[in-house]
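S.K.: After the structure tokens below, expect a handful of questions from me.
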Amino acid sequence: MTLTDGSLTDLVEAQVLERVLHEALRRGGDFAEIFAEDRSSSSIFLDDRKVEELSSGRDRGAGIRVIVGETTGFAHTADLSEKGLLSAAEAAAAVAREGGGGVRKTALLRQASEHQQVRTLPSTVPKSAKVDLLLRADDASRSAGGAIVQVSAGYGDSRRRILVANSDGLLTDDDRVRTRLFVTCVASGDGGLQTGFHSLAYTLGYEVFDEHPVEEVAAEAARRAITKLQARPAPSGVLPVVLKSGSGGILFHEACGHGLEADHILKDSSAYTGRIGQVVASPGVTLVDDGTLGPNWGSLVIDDEGRPTQRNVLIRDGVLTDYMWDYLRARKEGRTSSGNGRRQSYQDLPMVRMTNTFLLAGDEDPDEIVSQTPNGVYVAQLGGGQVNTATGDFVFGMTEAYLIENGQITEPLRNANLIGNGPDVLSKIDAIGNDFDMSPGTCGKDGQSVSVGCGQPTLRVAGITIGGTASA
Amino acid sequence: MPDLLNLARRVLEQATADEEVEVYVSHGRETSVRVFEGAIEQLETAESAGVGVRVISAGRQGFSYVGALDEPAAKEALIEARDNARFATVDEHAGLASPDGVEPPVLDLWREELVSFPTDDRVALALELERRVRSGDSRIRQVVSSDYVDGFGETAIATSRGIEVTDRQTGCYLFVHAVAGDGDDTQTGFGYSVGRAPGELDLEAAAVDAVDRATRLLGARKARSAKLTAVLDRRVTATLLGILSGTLSGEEVVKGRSLFAGRIGEQVGVGELTLIDDPTNPLAYGASQHDAEGLACRCNSLIAGGELKSFLYDTYAGRLAGTTSTGSAVRGGFRTTPSVGAQALSLQPGKLDQPEIIAAIGEGFLVQSITGVHSGVNPVSGDFSVGAEGLMIRGGQLAEPVREVTIASTIQRMLQHVVAVGSDVEWLPGAATGVTLAIDEIAMSGS
């Protein structure tokens, strides 16, 4: 395996791709596609002042799918030679056993996509500089206070060069670079141990650290851990919840966004099936998925089916306007993809996925939203969550939260879960701030993980169940 | 089949005298069929293979992998791992596993029947599962997916410390996702069956399970907040054991990140509570002859009669804690390095099955499923708060369905408040075994 810096379209010749597509459709079929990928990544993990491990890896291969009517056949190979690709094509075509459809010859037309601009490729940065970054994070967290007893920090970068060729004649490629860093701190106090977490993750090269000093990430993680040392048990019961801007976008991603993915819609396994044009949220609520949104973690120039990403308005002023689509589901409905076809790697089939998903800002002053909340919970950071897309029921962890008493943010709360229902929460939003922030996340669906961005302004939900242990 | 051990040996030949090298090679194939409305929706064949190389040189560890069984590329990975090691912090405890003389169990986890199972039969199983769920109850509104998946995996490990081992196993499962509806109300239920070969699958049980779980929650409402006895369904108990295993990791303990640190010998639970991690039991889907560093797997007693007995260690954690590996190294494939983990946890079963436990406790809440486990459990403080759905228990019988509540306690309290361990052992995929478990003094938070 030799490292090349050219694009993947230089690596696999167009004539080879055409012959492989021909083989994939030899026994019939409506559509064939080759997704080739060359991924290199590196990561470093620091724990307890020690650089525990530097790791790096390389994955290269292609996935081939053949669509025959309602059936998809898929196979992949780590062998990018013509022989390897042809054998994967044959395996993928096994679903077209009945024949029919007619043999088609594909002439590929290369569509240039403008790749992401990267100032500093992480692979050109010395490993020692990356190690130093983590040591600086460790120092910065510990200098936040003597209560910090443990610090762990991780760095990761990846470069994915992809190529998509299909029997509609599309040939395109992309070069994606992502960089991230996270810090976890443990603080010790009279009430035991508490943890704090903060991360940054962008679709950018190593230049990300020029704009976002690692010390800020480290200090934020330490502050969270120290703050929670004074925390009291979270209340139990239904209370108004104010979500700080950028803290809770994951909630809308999980509890609403997934239900707006066309694969769930077409199988009638979403609370939003058949509801286009209906009021599904409070007035003023506008939900958008936008893969073009700058260097955010969910941004992509083209999706993993070769389609340029775009801005999709899903809910406009409380009214459901559209779902998100990939090639397969759009084809069923006789429309075009919305640029939401994504896959974890060449080893996976694409499916409908979100990119950057967010609620647009309103016009209220965030401070006033708090001061007009007599009693409730203020959430400054939400952790991971889980949702049942068919019902919209969700659970999320609050990893930084405070009580609101008489319109004032008062005591910090220990971690606890929020539990509720996505469609219900959307219609209970009763205040929308004029601020906005995004945060990165990893979205898992059907065993595949992809990077996503989530965002929202400060907003208030009239009532969500808090799963604490104290009586409300 | 590719000769994995031979590839591992050839890469290992490149090791120099002043470094320790471990070469881990894996190869597997998975075939999955998904059907929808009586037709094949997806048919996938996935073959994955790769080599992960760990180098430890002067107390520094580096790692690199390549996603192919390609000898030149694997040798490049060794060079890259060696370079990565230069930047790690010196750690006197870093090192590969040394052969410890423990004989590995002799396990036959391979079924040739699976490897030659025809594709048409795979499709037929998935179609039959879908058909039975659709016809299982008039309130089944949709079968979102009905899957048959089978696969095999084989691994080889060769190290400069003289370890040379291979392992292989087959496995398959049926999985169905059903949606039930009644008026505006919608509920979902999953059913599955696992085996080492298709002949071991119980299709009917998977179908019935999915139908029951989806339909019995119809009409579910939020319940009133209360302190009550929770009866955890078998799968929920398995999830709970998974959480518990993180706190029993010797590495987490020695690093002060476990609520059990310094508590060996203490009575941490009720006397009925006995927990082992036993990958030598071939009935467990986590069974294996060797752990991920090539040491023999062994049965480890973690809690016996409520008393905390020991923690789990891989080689590194063992050295850190001044003890030895318990053969508990696990890894997520060739792309990662080994770490400590449970392989086949199980609670010693009690005398009563689930209906008998429900009858015995009289009043409580049967927890059918929990969500938000990763966000809702803190392994350091022991705080536990997860979303739950299930059925109320009244007068020793299952009563009205409940959703959108949380159940909360702490791990410490839960172990001290176990009131019954079921007799209904279910071997599940993953590292933990299912069994009904009743725990009192649980805070249910609803309306």
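Residues are referred to by chain and number: the chain letter is A, B, ... according to the order shown in the structure tokens, the number counts from 1 in that chain, and ligands are numbered separately from 1 in the order shown.
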Determine which residues of region 85-235 of chain B DSSP labels as helix (DSSP H, G or I) from the backbone of this structure, then write them out as a ChimeraX atom specification.

M.R.: /B:85,112-115,119-134,198-200,203-215,234-235

S.K.: Generate a file of the selected residues that holds N, CA and C atoms, formatted as a short mmCIF file (atom, residue, chain, number, x, y, z; two decimals), in the first residue's frame.

M.R.:
```cif
data_model
loop_
_atom_site.label_atom_id
_atom_site.label_comp_id
_atom_site.auth_asym_id
_atom_site.auth_seq_id
_atom_site.Cartn_x
_atom_site.Cartn_y
_atom_site.Cartn_z
N ALA B 85 5.51 4.68 19.29
CA ALA B 85 5.98 4.39 20.65
C ALA B 85 6.97 5.44 21.14
N GLU B 112 -19.73 -25.90 11.62
CA GLU B 112 -19.54 -25.93 10.17
C GLU B 112 -20.87 -25.71 9.44
N GLU B 113 -21.95 -26.15 10.08
CA GLU B 113 -23.30 -26.00 9.52
C GLU B 113 -23.59 -24.54 9.14
N LEU B 114 -23.08 -23.61 9.95
CA LEU B 114 -23.35 -22.20 9.69
C LEU B 114 -22.59 -21.71 8.45
N VAL B 115 -21.36 -22.16 8.33
CA VAL B 115 -20.51 -21.66 7.24
C VAL B 115 -21.09 -22.03 5.88
N THR B 119 -27.93 -19.26 1.18
CA THR B 119 -28.56 -17.93 1.24
C THR B 119 -30.08 -18.02 1.21
N ASP B 120 -30.61 -18.92 0.41
CA ASP B 120 -32.07 -19.05 0.35
C ASP B 120 -32.67 -19.39 1.71
N ASP B 121 -31.96 -20.20 2.48
CA ASP B 121 -32.45 -20.57 3.81
C ASP B 121 -32.38 -19.39 4.77
N ARG B 122 -31.36 -18.58 4.58
CA ARG B 122 -31.25 -17.37 5.41
C ARG B 122 -32.45 -16.47 5.15
N VAL B 123 -32.74 -16.27 3.88
CA VAL B 123 -33.86 -15.41 3.49
C VAL B 123 -35.17 -15.99 4.04
N ALA B 124 -35.30 -17.31 3.93
CA ALA B 124 -36.54 -17.96 4.37
C ALA B 124 -36.77 -17.73 5.87
N LEU B 125 -35.70 -17.78 6.67
CA LEU B 125 -35.85 -17.56 8.11
C LEU B 125 -36.34 -16.14 8.39
N ALA B 126 -35.74 -15.16 7.72
CA ALA B 126 -36.13 -13.77 7.95
C ALA B 126 -37.58 -13.53 7.52
N LEU B 127 -37.97 -14.13 6.39
CA LEU B 127 -39.35 -13.97 5.90
C LEU B 127 -40.35 -14.61 6.86
N GLU B 128 -40.00 -15.81 7.36
CA GLU B 128 -40.92 -16.50 8.26
C GLU B 128 -41.08 -15.72 9.57
N LEU B 129 -39.98 -15.14 10.05
CA LEU B 129 -40.05 -14.34 11.27
C LEU B 129 -40.98 -13.16 11.06
N GLU B 130 -40.83 -12.48 9.93
CA GLU B 130 -41.69 -11.33 9.66
C GLU B 130 -43.16 -11.75 9.59
N ARG B 131 -43.41 -12.87 8.89
CA ARG B 131 -44.77 -13.35 8.73
C ARG B 131 -45.41 -13.65 10.09
N ARG B 132 -44.66 -14.32 10.94
CA ARG B 132 -45.24 -14.69 12.25
C ARG B 132 -45.51 -13.47 13.11
N VAL B 133 -44.66 -12.47 13.02
CA VAL B 133 -44.92 -11.27 13.82
C VAL B 133 -46.13 -10.53 13.28
N ARG B 134 -46.22 -10.39 11.96
CA ARG B 134 -47.36 -9.69 11.38
C ARG B 134 -48.68 -10.37 11.72
N PRO B 198 -27.63 -21.92 12.83
CA PRO B 198 -29.04 -21.63 12.56
C PRO B 198 -29.99 -22.60 13.26
N GLY B 199 -29.59 -23.87 13.39
CA GLY B 199 -30.45 -24.85 14.02
C GLY B 199 -30.74 -24.58 15.49
N GLU B 200 -29.93 -23.72 16.10
CA GLU B 200 -30.14 -23.40 17.52
C GLU B 200 -31.08 -22.23 17.73
N LEU B 203 -37.10 -19.37 16.41
CA LEU B 203 -37.81 -18.35 15.65
C LEU B 203 -39.13 -17.96 16.31
N GLU B 204 -39.84 -18.96 16.79
CA GLU B 204 -41.15 -18.70 17.40
C GLU B 204 -41.00 -17.82 18.65
N ALA B 205 -39.99 -18.12 19.45
CA ALA B 205 -39.79 -17.33 20.67
C ALA B 205 -39.48 -15.87 20.33
N ALA B 206 -38.68 -15.65 19.28
CA ALA B 206 -38.35 -14.28 18.88
C ALA B 206 -39.61 -13.55 18.43
N ALA B 207 -40.46 -14.24 17.67
CA ALA B 207 -41.69 -13.62 17.16
C ALA B 207 -42.63 -13.27 18.31
N VAL B 208 -42.84 -14.22 19.19
CA VAL B 208 -43.76 -14.02 20.31
C VAL B 208 -43.27 -12.88 21.20
N ASP B 209 -41.97 -12.85 21.43
CA ASP B 209 -41.37 -11.83 22.27
C ASP B 209 -41.64 -10.42 21.69
N ALA B 210 -41.40 -10.25 20.39
CA ALA B 210 -41.59 -8.95 19.75
C ALA B 210 -43.05 -8.52 19.84
N VAL B 211 -43.95 -9.48 19.57
CA VAL B 211 -45.40 -9.15 19.60
C VAL B 211 -45.81 -8.76 21.02
N ASP B 212 -45.41 -9.57 21.99
CA ASP B 212 -45.77 -9.30 23.39
C ASP B 212 -45.24 -7.95 23.85
N ARG B 213 -43.97 -7.72 23.57
CA ARG B 213 -43.34 -6.50 24.08
C ARG B 213 -43.98 -5.26 23.46
N ALA B 214 -44.35 -5.32 22.18
CA ALA B 214 -44.96 -4.16 21.55
C ALA B 214 -46.40 -3.98 22.01
N THR B 215 -47.18 -5.06 22.04
CA THR B 215 -48.61 -4.90 22.32
C THR B 215 -48.90 -4.64 23.80
N ARG B 234 -35.07 -9.92 32.17
CA ARG B 234 -33.75 -10.55 31.99
C ARG B 234 -32.77 -9.68 31.20
N ARG B 235 -33.29 -9.10 30.11
CA ARG B 235 -32.38 -8.28 29.28
C ARG B 235 -31.93 -7.03 30.02
#
```

S.K.: Using only C-alpha atoms, which residues sit within 9 Å of Arg9 (chain B) once same-chain residues fewer than 6 positions away are excluded, as a ChimeraX atom specification?

M.R.: /B:23,157-159,164

S.K.: Should the cut-off be 8 Å, what would the residue list for chain B against chain A look like, counting only C-alpha atoms, as a PyMOL selection string?

M.R.: chain B and resi 39-47+61-68+72-73+77+80-81+84-85+87-91+142+144+179+186-188+225+335+371-372+374-376+380-381+383-387+404-409+443+445-447

S.K.: Could you pull the residues within 7 Å of Gly205 (chain A), counting only C-alpha atoms, minus those fewer than 4 positions along the same chain, as a list in words?

M.R.: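 Close residues of Gly205 (chain A): Val118, Arg119, Thr120, Leu121, Pro122, Val177, Arg178 and Thr179 of chain A.
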
S.K.: Write the residues you've just listed into a file as a PDB file, in the first residue's frame, and include C-alpha atoms for each of them.

M.R.:
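Final output, again_16.pdb:
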```pdb
ATOM      1  CA  VAL A 118      -7.547  22.743   4.841  1.00  0.00           C
ATOM      2  CA  ARG A 119      -4.678  24.974   5.967  1.00  0.00           C
ATOM      3  CA  THR A 120      -2.682  22.406   7.887  1.00  0.00           C
ATOM      4  CA  LEU A 121      -3.110  18.718   7.160  1.00  0.00           C
ATOM      5  CA  PRO A 122      -2.810  16.946  10.532  1.00  0.00           C
ATOM      6  CA  VAL A 177     -10.317  16.223   7.106  1.00  0.00           C
ATOM      7  CA  ARG A 178     -11.567  16.277  10.683  1.00  0.00           C
ATOM      8  CA  THR A 179      -9.814  17.126  13.934  1.00  0.00           C
TER       9      THR A 179
END
```

S.K.: So that I can see what lies close to Ile357 (chain B), please list as a short mmCIF file (atom, residue, chain, number, x, y, z; two decimals) with N, CA and C atoms, in the first residue's frame the residues with an atom at most 10 Å from it, counting only C-alpha atoms and leaving out residues fewer than 3 positions away in the same chain.

M.R.:
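Generated output (part_30.cif):
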```cif
data_model
loop_
_atom_site.label_atom_id
_atom_site.label_comp_id
_atom_site.auth_asym_id
_atom_site.auth_seq_id
_atom_site.Cartn_x
_atom_site.Cartn_y
_atom_site.Cartn_z
N VAL B 231 -38.89 -5.00 39.28
CA VAL B 231 -38.51 -6.33 38.82
C VAL B 231 -37.89 -6.14 37.44
N LYS B 351 -34.28 -19.40 42.98
CA LYS B 351 -35.24 -20.51 42.90
C LYS B 351 -36.49 -20.20 42.08
N LEU B 352 -36.85 -18.91 41.97
CA LEU B 352 -38.15 -18.57 41.37
C LEU B 352 -37.98 -18.02 39.96
N ASP B 353 -38.95 -18.31 39.09
CA ASP B 353 -38.93 -17.70 37.77
C ASP B 353 -39.66 -16.35 37.81
N GLN B 354 -39.74 -15.69 36.67
CA GLN B 354 -40.29 -14.33 36.70
C GLN B 354 -41.74 -14.25 37.21
N ALA B 360 -44.71 -13.14 44.21
CA ALA B 360 -44.17 -13.04 45.57
C ALA B 360 -44.06 -11.60 46.05
N ILE B 361 -43.68 -10.68 45.17
CA ILE B 361 -43.50 -9.30 45.65
C ILE B 361 -44.83 -8.55 45.74
N GLY B 362 -45.83 -8.99 44.98
CA GLY B 362 -47.16 -8.40 45.11
C GLY B 362 -47.33 -7.07 44.41
N GLY B 396 -49.72 -9.10 42.82
CA GLY B 396 -48.96 -10.25 42.32
C GLY B 396 -49.19 -10.54 40.85
N VAL B 419 -34.00 -8.25 46.26
CA VAL B 419 -34.90 -9.10 47.03
C VAL B 419 -35.08 -10.48 46.39
N ALA B 420 -34.73 -10.61 45.08
CA ALA B 420 -34.80 -11.94 44.47
C ALA B 420 -33.98 -11.99 43.19
N VAL B 421 -33.29 -13.11 43.00
CA VAL B 421 -32.62 -13.38 41.73
C VAL B 421 -33.40 -14.52 41.09
N GLY B 422 -33.76 -14.37 39.81
CA GLY B 422 -34.60 -15.38 39.16
C GLY B 422 -33.86 -16.66 38.85
N SER B 423 -34.64 -17.67 38.47
CA SER B 423 -34.07 -18.96 38.07
C SER B 423 -34.00 -19.03 36.54
N THR B 436 -34.00 -12.65 35.71
CA THR B 436 -34.87 -11.68 36.37
C THR B 436 -34.27 -11.29 37.72
N LEU B 437 -34.39 -9.99 38.04
CA LEU B 437 -33.78 -9.49 39.27
C LEU B 437 -34.75 -8.49 39.91
N ALA B 438 -35.11 -8.72 41.16
CA ALA B 438 -36.02 -7.80 41.85
C ALA B 438 -35.25 -6.99 42.88
#
```

S.K.: Can you pull out every residue within 9 Å of Met438 (chain A), counting only C-alpha atoms, but drop anything in the same chain fewer than 5 positions away, and send it as a VMD selection string?

M.R.: chain A and resid 245 to 247 249 296 356 358 453 to 457

S.K.: Within 9 Å of Gly305 (chain B), counting only C-alpha atoms, which residues qualify if same-chain residues fewer than 3 places away don't, as a ChimeraX atom specification?

M.R.: /B:267,269-275,308

S.K.: Write out as a PyMOL selection string the set of residues from region 29-265 of chain A that DSSP, computed on the backbone, places in strand (DSSP E).

M.R.: chain A and resi 31-47+50-68+71-77+109-110+148-166+170-189+192-202+235-243

S.K.: CA of Ser123 (chain A) to CA of Val164 (chain A): how many Å, to one decimal?

M.R.: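 Pair CA of Ser123 (chain A) / CA of Val164 (chain A) returns 24.1 Å.
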